[in-house]
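Accompanying notes for the structure given below.
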Amino acid sequence: MDIDRAGLAEFLRRRRQSLQPEDVGLPRGPRRRTDGLRREEVAVLCHMSSDYYSRLERERGPQPSEQMIASIAQGLHLSLGERDHLFLLAGHRPPARGASGEHVGPGLLRILDRLQDTPAEVVTETGETLRQTPPGVALTGDTTRFTGPSRSLGYRWFADPGARALYEPEDHGFLSRLYASGLREVLTRRGPDSRAARYAELLLDRSAEFRDLWERHEVGLRPSETKRFVHPEVGALELSCQTLVDPTQSHLLLVYTAVPGSESAARLQLLAVVGRQQLGAQAR
(Lines give C-alpha, C1' and ligand atoms only; values in the text may rest on other atoms or scores of the structure.)
Protein backbone atom coordinates (compact mmCIF):
# COMPACT_ATOMS: atom_id res chain seq x y z
CA MET A 1 0.00 0.00 0.00
CA ASP A 2 1.24 3.51 -0.82
CA ILE A 3 1.35 6.39 1.59
CA ASP A 4 -1.04 9.30 0.94
CA ARG A 5 1.23 12.11 2.11
CA ALA A 6 -1.20 14.95 1.47
CA GLY A 7 -4.09 13.12 3.10
CA LEU A 8 -1.97 12.08 6.07
CA ALA A 9 -0.68 15.63 6.62
CA GLU A 10 -4.14 17.17 6.43
CA PHE A 11 -5.67 14.57 8.75
CA LEU A 12 -2.94 15.10 11.35
CA ARG A 13 -3.33 18.88 11.19
CA ARG A 14 -7.12 18.68 11.60
CA ARG A 15 -6.94 16.28 14.52
CA ARG A 16 -4.23 18.34 16.25
CA GLN A 17 -6.19 21.56 15.84
CA SER A 18 -9.36 19.96 17.21
CA LEU A 19 -7.74 19.08 20.54
CA GLN A 20 -7.22 21.40 23.49
CA PRO A 21 -4.50 20.88 26.15
CA GLU A 22 -7.05 19.88 28.78
CA ASP A 23 -8.39 17.20 26.42
CA VAL A 24 -5.11 15.30 26.69
CA GLY A 25 -4.07 16.09 30.26
CA LEU A 26 -1.77 19.03 29.47
CA PRO A 27 -1.80 22.40 31.32
CA ARG A 28 -3.08 25.49 29.49
CA GLY A 29 -0.68 28.41 29.77
CA PRO A 30 -2.04 31.92 30.49
CA ARG A 31 -0.78 33.37 27.19
CA ARG A 32 -1.82 30.55 24.91
CA ARG A 33 -2.94 31.68 21.43
CA THR A 34 -2.56 28.46 19.44
CA ASP A 35 -5.73 27.01 17.93
CA GLY A 36 -5.56 23.46 19.27
CA LEU A 37 -2.37 21.68 20.30
CA ARG A 38 1.10 22.76 19.27
CA ARG A 39 3.17 20.38 17.15
CA GLU A 40 5.72 20.01 19.93
CA GLU A 41 2.95 19.05 22.37
CA VAL A 42 1.72 16.34 20.01
CA ALA A 43 5.29 15.10 19.61
CA VAL A 44 5.60 14.70 23.40
CA LEU A 45 2.28 12.83 23.56
CA CYS A 46 3.43 10.55 20.73
CA HIS A 47 6.94 9.96 22.16
CA MET A 48 8.78 11.28 19.11
CA SER A 49 10.82 14.32 18.15
CA SER A 50 9.09 17.55 17.18
CA ASP A 51 11.06 17.58 13.92
CA TYR A 52 9.83 14.13 12.94
CA TYR A 53 6.20 14.97 13.62
CA SER A 54 6.46 18.34 11.87
CA ARG A 55 7.79 16.69 8.74
CA LEU A 56 4.73 14.46 8.57
CA GLU A 57 2.44 17.48 8.65
CA ARG A 58 4.55 19.06 5.89
CA GLU A 59 4.33 15.97 3.64
CA ARG A 60 8.04 15.21 4.07
CA GLY A 61 10.25 12.47 5.45
CA PRO A 62 10.21 8.67 5.10
CA GLN A 63 7.08 6.56 5.39
CA PRO A 64 6.32 6.21 9.13
CA SER A 65 6.41 2.71 10.55
CA GLU A 66 3.37 0.94 11.95
CA GLN A 67 4.78 1.49 15.44
CA MET A 68 5.04 5.23 14.81
CA ILE A 69 1.50 5.43 13.46
CA ALA A 70 0.17 3.50 16.46
CA SER A 71 1.94 5.95 18.78
CA ILE A 72 0.49 8.93 16.91
CA ALA A 73 -3.01 7.44 17.02
CA GLN A 74 -2.71 7.00 20.77
CA GLY A 75 -1.19 10.42 21.36
CA LEU A 76 -3.97 12.15 19.42
CA HIS A 77 -6.63 10.18 21.32
CA LEU A 78 -8.08 8.75 18.11
CA SER A 79 -11.11 6.48 18.04
CA LEU A 80 -10.71 3.04 16.47
CA GLY A 81 -12.25 4.31 13.23
CA GLU A 82 -9.88 7.27 13.14
CA ARG A 83 -6.93 5.03 13.99
CA ASP A 84 -7.75 2.69 11.11
CA HIS A 85 -8.07 5.66 8.74
CA LEU A 86 -4.66 6.96 9.87
CA PHE A 87 -3.03 3.59 9.20
CA LEU A 88 -4.47 3.47 5.69
CA LEU A 89 -3.32 7.01 4.92
CA ALA A 90 0.18 6.01 6.05
CA GLY A 91 0.14 2.98 3.74
CA HIS A 92 -0.37 0.26 6.36
CA ARG A 93 -3.10 -2.22 7.13
CA PRO A 94 -4.92 -1.34 10.37
CA PRO A 95 -4.24 -3.56 13.40
CA ALA A 96 -6.83 -6.06 14.55
CA ARG A 97 -9.61 -4.84 16.79
CA GLY A 98 -10.92 -6.55 19.90
CA ALA A 99 -9.27 -8.30 22.81
CA SER A 100 -5.84 -8.56 21.17
CA GLY A 101 -5.78 -4.83 20.32
CA GLU A 102 -3.70 -2.42 22.39
CA HIS A 103 -5.14 0.91 21.24
CA VAL A 104 -6.63 2.56 24.33
CA GLY A 105 -9.94 4.20 23.49
CA PRO A 106 -10.25 8.00 23.83
CA GLY A 107 -12.89 7.66 26.55
CA LEU A 108 -10.57 5.74 28.89
CA LEU A 109 -7.70 8.08 28.02
CA ARG A 110 -9.74 11.16 28.91
CA ILE A 111 -10.51 9.67 32.32
CA LEU A 112 -6.89 8.60 32.86
CA ASP A 113 -5.69 12.10 31.94
CA ARG A 114 -7.79 13.48 34.80
CA LEU A 115 -6.33 11.09 37.37
CA GLN A 116 -2.76 12.39 37.38
CA ASP A 117 -2.73 12.62 41.20
CA THR A 118 -4.09 9.07 41.66
CA PRO A 119 -2.54 5.62 41.07
CA ALA A 120 -4.30 4.31 37.96
CA GLU A 121 -3.51 2.13 34.96
CA VAL A 122 -5.08 0.70 31.83
CA VAL A 123 -4.53 -3.04 31.40
CA THR A 124 -5.58 -5.74 28.96
CA GLU A 125 -7.63 -8.77 29.94
CA THR A 126 -4.41 -10.80 30.17
CA GLY A 127 -2.74 -8.29 32.49
CA GLU A 128 -0.49 -6.24 30.18
CA THR A 129 -0.20 -2.62 31.32
CA LEU A 130 -0.79 -0.14 28.48
CA ARG A 131 -0.84 3.19 30.34
CA GLN A 132 -0.10 4.42 33.88
CA THR A 133 -0.43 7.68 35.77
CA PRO A 134 2.73 8.96 37.53
CA PRO A 135 1.43 7.80 40.96
CA GLY A 136 0.63 4.46 39.31
CA VAL A 137 4.28 4.16 38.28
CA ALA A 138 5.31 5.14 41.81
CA LEU A 139 3.06 2.40 43.23
CA THR A 140 3.97 -0.59 41.05
CA GLY A 141 6.96 0.59 39.01
CA ASP A 142 6.89 1.18 35.26
CA THR A 143 5.10 -1.99 34.18
CA THR A 144 4.84 -0.80 30.57
CA ARG A 145 8.56 -1.49 30.15
CA PHE A 146 8.23 -5.28 29.95
CA THR A 147 8.35 -7.14 26.65
CA GLY A 148 7.09 -10.50 25.43
CA PRO A 149 5.07 -12.70 27.82
CA SER A 150 6.55 -10.81 30.78
CA ARG A 151 4.26 -7.91 29.93
CA SER A 152 1.50 -9.86 31.69
CA LEU A 153 1.43 -9.58 35.48
CA GLY A 154 -0.14 -13.04 35.67
CA TYR A 155 2.75 -14.50 33.68
CA ARG A 156 5.36 -12.65 35.77
CA TRP A 157 3.67 -13.85 38.95
CA PHE A 158 4.59 -17.45 38.20
CA ALA A 159 7.71 -16.96 36.07
CA ASP A 160 9.53 -14.34 38.17
CA PRO A 161 9.52 -14.67 41.99
CA GLY A 162 10.47 -11.00 42.29
CA ALA A 163 7.08 -9.99 40.92
CA ARG A 164 5.46 -10.96 44.24
CA ALA A 165 7.59 -8.70 46.46
CA LEU A 166 5.16 -5.78 46.15
CA TYR A 167 2.20 -7.75 47.53
CA GLU A 168 1.33 -8.79 51.07
CA PRO A 169 2.75 -12.32 51.58
CA GLU A 170 -0.47 -13.55 53.21
CA ASP A 171 -2.28 -12.83 49.93
CA HIS A 172 0.10 -14.73 47.64
CA GLY A 173 -1.80 -18.01 47.75
CA PHE A 174 -5.11 -16.41 46.78
CA LEU A 175 -3.47 -14.27 44.08
CA SER A 176 -1.89 -17.38 42.53
CA ARG A 177 -5.32 -19.01 42.34
CA LEU A 178 -6.83 -15.77 40.99
CA TYR A 179 -4.33 -15.43 38.13
CA ALA A 180 -4.59 -19.09 37.11
CA SER A 181 -8.38 -18.91 37.24
CA GLY A 182 -8.50 -15.67 35.26
CA LEU A 183 -6.18 -16.98 32.57
CA ARG A 184 -8.32 -20.09 32.14
CA GLU A 185 -11.45 -17.97 31.74
CA VAL A 186 -9.81 -15.75 29.09
CA LEU A 187 -8.45 -18.80 27.23
CA THR A 188 -11.91 -20.39 27.16
CA ARG A 189 -13.43 -17.13 25.91
CA ARG A 190 -10.79 -16.41 23.25
CA GLY A 191 -9.85 -19.90 22.09
CA PRO A 192 -6.73 -22.04 21.53
CA ASP A 193 -5.02 -19.51 19.24
CA SER A 194 -5.26 -16.66 21.75
CA ARG A 195 -2.55 -14.87 23.70
CA ALA A 196 -3.96 -16.45 26.87
CA ALA A 197 -3.42 -19.90 25.39
CA ARG A 198 0.22 -19.08 24.64
CA TYR A 199 0.78 -17.83 28.18
CA ALA A 200 -0.79 -20.95 29.66
CA GLU A 201 1.39 -23.21 27.50
CA LEU A 202 4.54 -21.38 28.57
CA LEU A 203 3.62 -21.46 32.25
CA LEU A 204 2.68 -25.15 32.19
CA ASP A 205 6.21 -25.84 31.04
CA ARG A 206 7.85 -23.43 33.46
CA SER A 207 5.97 -23.42 36.79
CA ALA A 208 5.06 -26.43 38.94
CA GLU A 209 2.78 -24.19 41.04
CA PHE A 210 0.90 -23.08 37.93
CA ARG A 211 0.55 -26.70 36.72
CA ASP A 212 -0.98 -27.70 40.04
CA LEU A 213 -3.46 -24.81 39.99
CA TRP A 214 -4.28 -25.33 36.31
CA GLU A 215 -5.23 -28.95 36.94
CA ARG A 216 -7.86 -27.82 39.46
CA HIS A 217 -9.90 -26.09 36.69
CA GLU A 218 -10.89 -23.41 39.19
CA VAL A 219 -12.88 -20.51 37.68
CA GLY A 220 -15.06 -17.69 38.91
CA LEU A 221 -12.62 -16.16 41.41
CA ARG A 222 -12.75 -12.39 41.71
CA PRO A 223 -10.26 -9.93 43.22
CA SER A 224 -10.63 -8.93 46.85
CA GLU A 225 -12.21 -5.54 47.46
CA THR A 226 -8.99 -4.38 49.12
CA LYS A 227 -5.52 -4.81 47.62
CA ARG A 228 -2.61 -4.94 50.06
CA PHE A 229 0.79 -3.69 48.93
CA VAL A 230 4.18 -3.66 50.62
CA HIS A 231 5.84 -0.65 49.03
CA PRO A 232 9.64 -0.36 49.39
CA GLU A 233 9.49 3.40 50.12
CA VAL A 234 6.22 4.14 51.93
CA GLY A 235 5.46 0.78 53.56
CA ALA A 236 2.17 -1.11 53.84
CA LEU A 237 -0.81 0.12 51.82
CA GLU A 238 -4.41 -1.06 51.85
CA LEU A 239 -6.12 0.28 48.72
CA SER A 240 -9.51 -0.13 47.14
CA CYS A 241 -9.39 -0.88 43.41
CA GLN A 242 -12.23 0.42 41.24
CA THR A 243 -12.50 -0.97 37.70
CA LEU A 244 -13.97 0.57 34.55
CA VAL A 245 -14.26 -1.70 31.50
CA ASP A 246 -14.06 -0.78 27.81
CA PRO A 247 -16.05 -3.64 26.24
CA THR A 248 -14.90 -2.84 22.69
CA GLN A 249 -11.22 -3.51 23.39
CA SER A 250 -11.64 -5.52 26.62
CA HIS A 251 -9.40 -3.03 28.43
CA LEU A 252 -9.73 -2.25 32.12
CA LEU A 253 -9.04 1.05 33.86
CA LEU A 254 -7.92 0.32 37.43
CA VAL A 255 -8.03 3.17 39.96
CA TYR A 256 -6.51 2.77 43.44
CA THR A 257 -7.81 4.82 46.38
CA ALA A 258 -7.50 4.76 50.18
CA VAL A 259 -10.07 5.38 52.90
CA PRO A 260 -9.92 9.12 53.81
CA GLY A 261 -8.07 9.75 57.05
CA SER A 262 -6.47 6.31 57.12
CA GLU A 263 -2.77 5.59 57.43
CA SER A 264 -2.85 4.28 53.86
CA ALA A 265 -4.30 7.62 52.68
CA ALA A 266 -1.37 9.48 54.25
CA ARG A 267 1.09 7.09 52.66
CA LEU A 268 -0.68 7.45 49.32
CA GLN A 269 -0.10 11.21 49.50
CA LEU A 270 3.57 10.55 50.15
CA LEU A 271 3.57 8.19 47.17
CA ALA A 272 2.19 10.99 44.97
CA VAL A 273 5.24 13.08 45.95
CA VAL A 274 7.49 10.16 44.99
CA GLY A 275 5.72 9.96 41.62
CA ARG A 276 6.26 13.67 40.93
CA GLN A 277 9.93 13.37 41.86
CA GLN A 278 10.38 10.41 39.50
CA LEU A 279 8.62 12.31 36.70
CA GLY A 280 10.84 15.33 37.28
CA ALA A 281 13.98 13.18 37.20
CA GLN A 282 12.92 11.67 33.88
CA ALA A 283 12.31 15.12 32.39
CA ARG A 284 15.83 16.33 33.27
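So you can find residues: chains in the C-alpha coordinates are A, B, ... in the order shown, residues in each start at 1, and ligands are numbered from 1 in order.
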I need the residues of segment 171-270 of chain A that end up classed as strand (DSSP E) by DSSP on the backbone, written out as an MDAnalysis selection string. chainID A and resid 226:231 235:246 251:257
Please list as a tab-separated table (two decimals) with N, CA, C and O atoms, in the first residue's frame every residue within 8 Å of Glu225 of chain A, counting only C-alpha atoms and excluding residues in the same chain fewer than 2 positions away.
```tsv
chain	number	residue	atom	x	y	z
A	223	PRO	N	-11.20	-10.60	42.32
A	223	PRO	CA	-10.26	-9.93	43.22
A	223	PRO	C	-10.92	-9.49	44.51
A	223	PRO	O	-12.12	-9.19	44.55
A	227	LYS	N	-6.83	-4.28	48.03
A	227	LYS	CA	-5.52	-4.81	47.62
A	227	LYS	C	-4.48	-4.34	48.62
A	227	LYS	O	-4.44	-3.15	48.97
A	240	SER	N	-8.36	0.36	47.91
A	240	SER	CA	-9.51	-0.13	47.14
A	240	SER	C	-9.20	0.03	45.66
A	240	SER	O	-8.58	1.01	45.26
A	241	CYS	N	-9.63	-0.92	44.86
A	241	CYS	CA	-9.39	-0.88	43.41
A	241	CYS	C	-10.74	-0.85	42.69
A	241	CYS	O	-11.49	-1.81	42.73
```
How many Å separate atom CA of Met48 of chain A from atom CA of Leu253 of chain A?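 Going from atom CA of Met48 of chain A over to atom CA of Leu253 of chain A, I get 25.3 Å.
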DSSP says alpha helix (DSSP H) for which residues of segment 51-278 of chain A? Put them as an MDAnalysis selection string? chainID A and resid 51:57 66:75 80:89 106:113 134:140 153:159 172:190 195:206 208:214 263:278
Could you pull the residues within 10 Å of Thr140 of chain A, counting only C-alpha atoms, minus those fewer than 5 positions along the same chain, as an MDAnalysis selection string? chainID A and resid 119 132 135 163 166:167 229 231
Shell around His251 of chain A at 6 Å using only C-alpha atoms, local window under 2 positions removed, as a PyMOL selection string: chain A and resi 123-124+245-246+249
Output for the residues just chosen: N, CA and C atoms as a tab-separated table (two decimals), in the first residue's frame:
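result_39.tsv, freshly written:
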```
chain	number	residue	atom	x	y	z
A	123	VAL	N	-5.12	-1.73	31.65
A	123	VAL	CA	-4.53	-3.04	31.40
A	123	VAL	C	-5.42	-3.84	30.46
A	124	THR	N	-4.83	-4.83	29.81
A	124	THR	CA	-5.58	-5.74	28.96
A	124	THR	C	-6.17	-6.85	29.81
A	245	VAL	N	-14.54	-0.80	32.63
A	245	VAL	CA	-14.26	-1.70	31.50
A	245	VAL	C	-14.65	-1.05	30.17
A	246	ASP	N	-13.74	-1.15	29.20
A	246	ASP	CA	-14.06	-0.78	27.81
A	246	ASP	C	-14.40	-2.08	27.08
A	249	GLN	N	-12.59	-3.02	23.42
A	249	GLN	CA	-11.22	-3.51	23.39
A	249	GLN	C	-10.90	-4.45	24.55
```
Write out as a ChimeraX atom specification the residues lying within 12 Å of Arg97 of chain A, counting only C-alpha atoms and excluding same-chain residues fewer than 3 positions away. /A:79-81,83-84,93-94,100-105,247-251
Find the residues near Val259 of chain A: any atom within 9 Å, counting only C-alpha atoms, skip ones fewer than 5 places away on the same chain, and give them as a PyMOL selection string. chain A and resi 238-240+264-265
Filtering to N, CA and C atoms, could you give me those residues as a CSV table (one decimal), in the first residue's frame?
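Final output, out.csv:
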```
chain,number,residue,atom,x,y,z
A,238,GLU,N,-3.2,-0.4,52.1
A,238,GLU,CA,-4.4,-1.1,51.8
A,238,GLU,C,-5.3,-0.2,51.0
A,239,LEU,N,-5.5,-0.6,49.7
A,239,LEU,CA,-6.1,0.3,48.7
A,239,LEU,C,-7.3,-0.4,48.1
A,240,SER,N,-8.4,0.4,47.9
A,240,SER,CA,-9.5,-0.1,47.1
A,240,SER,C,-9.2,0.0,45.7
A,264,SER,N,-3.1,4.5,55.3
A,264,SER,CA,-2.9,4.3,53.9
A,264,SER,C,-3.1,5.5,53.0
A,265,ALA,N,-4.1,6.4,53.4
A,265,ALA,CA,-4.3,7.6,52.7
A,265,ALA,C,-3.1,8.6,52.8
```
Need the shell around Gly7 of chain A: protein/DNA/RNA residues with any atom at most 9 Å away, counting only C-alpha atoms. Skip same-chain ones fewer than 3 positions apart. Format as a count of residues only? 8
In Å and to one decimal, atom CA of Leu86 of chain A is distant from atom CA of Cys46 of chain A by 14.0 Å
Tell me which of A:His77, A:Phe174, A:Pro134, A:Arg267 sits closest to Ser224 of chain A, counting only C-alpha atoms.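 Once distances to Ser224 of chain A are computed over only C-alpha atoms, the minimum belongs to A:Phe174.
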